[in-house]
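The block underneath contains the structure these notes are about, expressed in structure tokens.
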Amino acid sequence: MNTRRSLRMRLRGDWPLLLMVAPAALIVLIFHYVPTLGNVIAFQDYNPFEGNNAVDAFIHSDWVGFDNFETLFRDRAFWDAVRNTLSITLFQLVFFFPLPIALAILLNDVSSPKLRSFIQGVVYLPHFFSWVLVITFFVQMLGGAGLLAQVMRQHGLHEWNVMTNPHAFVVLVTSEAVWKDVGWGTIVFLAALAAIDPTLYEAAAVDGAGRGRRLWHITLPGLRPVIVLLLILRMGDALSVGFEQYILQREAVGRQAAEVLDTFVYYQAIVPQQWGLGAAAGLFKALVGLVLILTANKMAHGLGEQGVYAKA
Amino acid sequence: MSGTNARARESPARPPWEEKPSIAFALGKGAVLGLVVLAVLVPIWSVLVTSLSSRETINAAGGMVVVPKGIDVSAYVTIFSGGQVARAVWVSVVVTASGTLFSLFLTVLAAYGLSRPGSLAHRPLLFYFLLTFLIYPGLVPSYLVVTGLGLKDSLWALIVPTAFSVFNLVVIRSFFMSIPKELIDSAHIDGATEWQVLALIVLPLSKAVVAVVGLFYAVGYWNAYFNAVLYIDDNDKWPIQRVLQSYILAGQSPHFSGGAVHVPGVTAYPPTLAIKMAVMVVTVIPALLVYPFVQRHFTKGMIVGAVKG
């Protein structure tokens with residue numbers, strides 16, 4: 001609206017606003033955009049000891065084309081990590097994703113506001129715990145010296161330690177994720193449920209629709225846009241399943257089961273200082289993620305949903 | 001905003017048109033919700049009780065205690081009489097407090113600076129921030145930047161790289177933009193500078209949302225673990241999460257025996273279960289303390305953020 005004023009005039013009026021944005025913009029520049037550009041070392045044999053500082057090292061390191069990617073794609077451990085990541089994502093999509101929806105529908109059905117806010121208060125709580133804490137809780141409850149093993153021992157049952165069993169690892173990490181975030185996940189669905197027009201339910205009931213049909217024909221369609229949005233976001237994140245949770249448990253269950261893409265980068269790039277290789281893996285992950293989220297968004301548009309951003 | 005929210009959320013008893021739920025349905029619902037609540041509360045309860053139990057109680061129970069018998073605070077005395085746990089708590093408190101202030105400083109200023117559509121460079125700047133949602137730099141270059149800045153083994157490494165969240169910027173900005181423009185315009189006409197408008201008009205109206213965002217930042221700093229693995233080698237500077245993790249390593253299964261990490265200060269006596277549990281309680285407490293005060297606010301704030309964001 002003020003576009004007709006000259007740049008000088010606008011600068012005179014708006015410079016305090018620009019000054020206010022500057023510190024945050026600087027932080028984003030240094031810790032987001034500079035590293036993003038720094039990904040070009042994926043095409044280098046980056047050696048931090050060339051020259052006096054990181055920029056110097058970058059200038060003096062040799063360009064090697066796609067060598068790092070070749071090494072990466074030839075590495076079986078890399079594909080193992082990709083496979084683990086994808087199977088965990090898929091498993092959680094089936095066994096975790098629907099749970100907050102179900103819990104939100106149940107909570108929405110609790111008629112006493114006091115009881116409901118008590119339950120909400122309890123189930124939101126673990127979201128504020130760190131992964132270290134969540135896993136420690138699981139170890140103390142389900143681990144070899146935990147409460148469950150204790151009770152089983154006392155009843156003469158064969159004890160069983162789920163915390164160190166690689167075959168049950170997918171179930172374990174999903175249970176931990178559910179314990180931590182199922183309550184928190186209900187918030188967005190509860191908001192969507194509150195936005196459904198209650199007269200729809202009344203009209204349907206008057207027309208003879210029972211609980212089940214009201215759920216199917218009113219509640220679930222009301223939640224559809226939110227469900228689609230969250231599915232898209234999850235799909236864009238298919239190659240990241242979280243980081244700390246896996247790095248904390250990798251030793252207990254072994255690399256075979258617990259190596260995901262992010263821990264692969266840490267153990268194969270940062271620890272042995274294979275910078276170019278790690279950047280290549282990171283770049284691969286970012287590109288796949290970008291393609292996935294754009295694809296999912298396109299699919300959402302095809303289904304007549306809004307998606308993450310509107311159709312151009 | 002609270003009015004409509006409250007009305008929508010407080011469904012009255014049962015509306016007249018709704019059929020009475022069958023007994024099986026009501027029982028099933030109660031059982032599921034009851035189990036969910038117990039699944040959260042029992043572990044917390046058991047850890048708390050065990051941390052306050054004497055050696056005899058723990059031995060009698062065979063490990064984790066569920067039914068308390070007397071209160072024994074010796075585990076906490078051991079922790080806080082010095083050594084690494086006490087130091088780690090201090091490190092975490094310092095990082096959390098200064099980090100949260102720094103984060104709020106960055107976020108509130110940027111949110112106000114971006115709250116006036118039509119101001120100079122408004123759209124490009126907004127794009128500059130929002131683009132970070134789509135592009136993620138990856139671990140290796142980020143690591144190289146932080147260490148390249150000489151932040152290795154400095155507590156700054158736990159603060160600066162994660163100091164600013166664009167999501168929180170969006171939440172605060174959308175609240176600022178909901179403040180009636182007339183308020184701000186009239187202050188400008190009276191000769192107030194942007195800084196005065198922000199400090200004297202906008203901020204006092206936004207206490208709730210700023211408190212919520214502050215809580216999120218604080219929880220983030222308190223819970224940060226992996227940054228400490230990456231950047232802090234000196235275990236005198238470890239935050240509490242890193243120390244808690246070394247306790248899991250020290251205690252858990254034979255798989256860990258190779259890489260056992262000893263915690264100076266309490267290694268003289270092998271960490272008993274009560275000490276371990278007490279470290280867990282110390283790690284949980286900040287979340288439990290601030291939680292009730294902001295619970296009402298943050299669900300509201302989250303919903304506003306989710307709808308408008």
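Going through the structure tokens in order, the chains are called A, B, and so on, while each chain numbers its residues from 1 and the ligands are numbered from 1 in the order shown.
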
Open item on the list: Residues near B:Phe105, anyone? I mean within 10 Å using only C-alpha atoms, not counting same-chain ones fewer than 4 positions away, as a VMD selection string.
Closed with: (chain A and resid 20 23 to 24) or (chain B and resid 99 to 101 109 to 110 163 to 164)

Each residue of stretch 16-108 of chain B with at least one atom at most 10 Å from stretch 191-211 of chain B should appear once, together with its nearest atom pair and the corresponding distance in Å (one decimal); atoms considered: only C-alpha atoms; ordering: chain, then increasing residue number; output as a tab-separated table.
```
residue	atom	partner	partner_atom	distance
B:Leu104	CA	B:Val210	CA	7.7
B:Thr107	CA	B:Val210	CA	9.4
B:Val108	CA	B:Val210	CA	7.9
```

- [ ] May I have the residues within 7 Å of stretch 137-140 of chain A as a ChimeraX atom specification, using only C-alpha atoms and disregarding those fewer than 5 positions away in the same chain?
- [x] /A:145-147,163 /B:43

List every residue of chain A that has an atom at most 6 Å from any atom of chain B, and for each one report the closest atom pair and its distance in Å to one decimal, counting only C-alpha atoms, with rows sorted by chain and then by increasing residue number, as JSON lines.
```
{"residue": "A:Leu17", "atom": "CA", "partner": "B:Gly113", "partner_atom": "CA", "distance": 4.2}
{"residue": "A:Met20", "atom": "CA", "partner": "B:Leu109", "partner_atom": "CA", "distance": 5.0}
{"residue": "A:Val21", "atom": "CA", "partner": "B:Ala110", "partner_atom": "CA", "distance": 4.2}
{"residue": "A:Ala24", "atom": "CA", "partner": "B:Leu106", "partner_atom": "CA", "distance": 5.3}
{"residue": "A:Phe31", "atom": "CA", "partner": "B:Pro161", "partner_atom": "CA", "distance": 5.9}
{"residue": "A:Pro35", "atom": "CA", "partner": "B:Pro141", "partner_atom": "CA", "distance": 4.8}
{"residue": "A:Thr36", "atom": "CA", "partner": "B:Pro137", "partner_atom": "CA", "distance": 4.2}
{"residue": "A:Gly38", "atom": "CA", "partner": "B:Pro141", "partner_atom": "CA", "distance": 5.5}
{"residue": "A:Ala54", "atom": "CA", "partner": "B:Gly148", "partner_atom": "CA", "distance": 5.7}
{"residue": "A:Ser111", "atom": "CA", "partner": "B:Ala13", "partner_atom": "CA", "distance": 5.5}
{"residue": "A:Pro113", "atom": "CA", "partner": "B:Glu10", "partner_atom": "CA", "distance": 5.9}
{"residue": "A:Ser130", "atom": "CA", "partner": "B:Asn223", "partner_atom": "CA", "distance": 4.8}
{"residue": "A:Leu147", "atom": "CA", "partner": "B:Met64", "partner_atom": "CA", "distance": 5.6}
{"residue": "A:Ala194", "atom": "CA", "partner": "B:Ala8", "partner_atom": "CA", "distance": 5.6}
{"residue": "A:Ala252", "atom": "CA", "partner": "B:His255", "partner_atom": "CA", "distance": 5.8}
{"residue": "A:Gly278", "atom": "CA", "partner": "B:Val140", "partner_atom": "CA", "distance": 5.9}
{"residue": "A:Ala279", "atom": "CA", "partner": "B:Val140", "partner_atom": "CA", "distance": 5.6}
{"residue": "A:Gly282", "atom": "CA", "partner": "B:Gly138", "partner_atom": "CA", "distance": 5.2}
```

If you keep C-alpha atoms, can you produce a file of those selected residues as a short mmCIF file (atom, residue, chain, number, x, y, z; two decimals), in the first residue's frame?
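The result, stored in again.cif:
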```cif
data_model
loop_
_atom_site.label_atom_id
_atom_site.label_comp_id
_atom_site.auth_asym_id
_atom_site.auth_seq_id
_atom_site.Cartn_x
_atom_site.Cartn_y
_atom_site.Cartn_z
CA LEU A 17 11.80 -2.82 12.01
CA MET A 20 14.80 -5.74 14.91
CA VAL A 21 14.79 -8.53 12.35
CA ALA A 24 17.44 -13.41 14.04
CA PHE A 31 23.45 -21.68 11.33
CA PRO A 35 25.69 -24.90 6.35
CA THR A 36 23.19 -25.43 3.54
CA GLY A 38 28.42 -25.83 2.87
CA ALA A 54 37.27 -23.78 7.63
CA SER A 111 -18.39 -35.22 28.94
CA PRO A 113 -14.66 -31.00 31.47
CA SER A 130 13.88 -35.59 26.85
CA LEU A 147 9.87 -53.33 37.18
CA ALA A 194 -14.04 -28.64 18.25
CA ALA A 252 22.01 -51.90 23.40
CA GLY A 278 28.70 -37.36 5.43
CA ALA A 279 27.72 -34.30 3.45
CA GLY A 282 22.98 -35.49 4.14
#
```

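Residue neighbourhood of B:Asp153, excluding near-sequence residues (fewer than 5 positions): Val146, Thr147, Leu158, Asn227, Ala228, Val229, Leu230, Tyr231, Ile232, Asp233, Asp234, Asn235, Asp236, Lys237, Trp238 and Pro239 of chain B, at 12 Å, using only C-alpha atoms.
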
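Taking atom CA of A:Asn161 as the reference point, atom CA of A:Gly143 is found at 5.3 Å.
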
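Pairwise distance (atom CA of A:Phe58, atom CA of A:Tyr46) equals 6.6 Å.
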
Open item on the list: Can you tell me which residues surround A:Val94 at a distance of at most 12 Å, considering only C-alpha atoms, apart from same-chain residues fewer than 4 positions away, and format the answer as a list of chain:residue names?
Closed with: A:Ser87, A:Ile88, A:Thr89, A:Leu90, A:Pro98, A:Leu99, A:Val171, A:Thr174, A:Leu231

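One distance worth recording is that between atom CA of B:Val94 and atom CA of A:Val28, which is 23.2 Å.
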
Open item on the list: DSSP on the backbone: which residues in stretch 101-198 of chain B end up as alpha helix (DSSP H)? Give the answer as a PyMOL selection string.
Closed with: chain B and resi 101-113+122-130+139-148+166-178+181-189+194-196

TODO: Give me the residues within 8 Å of B:Ile79 as a PyMOL selection string, counting only C-alpha atoms and dropping any in the same chain fewer than 2 places off.
DONE: chain B and resi 75-77+81-83+85-86+266+275+278-279

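Using only C-alpha atoms for every distance, the candidate list A:Ile293, A:Ala177, A:Gln268, A:Val206 yields A:Ala177 as the residue closest to A:Val241.
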
- [ ] Point out the residue among A:Lys285, A:His127, A:His301, A:Arg116 with the least atom-to-atom distance to A:Gly185, counting only C-alpha atoms.
- [x] A:His127

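Among the candidate residues B:Ala187, B:Ile285, B:Ala274, B:Gly214, the one lying nearest to B:Ser51 is B:Ala274, with distances computed using only C-alpha atoms.
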
Open item on the list: Would you pick out the contacts of A:Tyr246 at 9 Å or less, using only C-alpha atoms, so that residues sharing its chain but fewer than 3 positions from it are not included, and give the list as JSON, numbers by chain?
Closed with: {"A": [173, 241, 242, 243, 249, 250, 258, 259, 260, 262, 263]}

Store the residues picked out above, limited to N, CA and C atoms, as a compact mmCIF listing (two decimals), in the first residue's frame.
```
# COMPACT_ATOMS: atom_id res chain seq x y z
N VAL A 173 10.88 -48.92 19.72
CA VAL A 173 10.98 -47.49 19.45
C VAL A 173 9.61 -46.88 19.20
N VAL A 241 13.71 -40.33 11.33
CA VAL A 241 12.81 -40.93 12.32
C VAL A 241 13.15 -40.41 13.70
N GLY A 242 13.92 -39.34 13.76
CA GLY A 242 14.40 -38.89 15.06
C GLY A 242 15.81 -39.38 15.21
N PHE A 243 16.53 -38.80 16.11
CA PHE A 243 17.96 -38.97 16.13
C PHE A 243 18.40 -39.52 17.49
N GLN A 249 20.10 -45.89 21.79
CA GLN A 249 19.82 -47.31 21.95
C GLN A 249 20.61 -48.19 21.01
N ARG A 250 21.42 -47.54 20.16
CA ARG A 250 22.15 -48.28 19.14
C ARG A 250 23.05 -49.34 19.77
N ALA A 258 19.45 -50.98 14.68
CA ALA A 258 19.19 -49.61 15.12
C ALA A 258 19.88 -48.55 14.29
N GLU A 259 20.65 -48.95 13.27
CA GLU A 259 21.31 -47.92 12.47
C GLU A 259 20.30 -47.29 11.53
N VAL A 260 19.99 -46.02 11.73
CA VAL A 260 19.14 -45.30 10.80
C VAL A 260 20.02 -44.28 10.08
N ASP A 262 20.37 -41.09 10.07
CA ASP A 262 21.03 -40.04 10.84
C ASP A 262 22.18 -40.60 11.68
N THR A 263 21.97 -41.76 12.29
CA THR A 263 23.07 -42.32 13.08
C THR A 263 24.18 -42.79 12.16
```
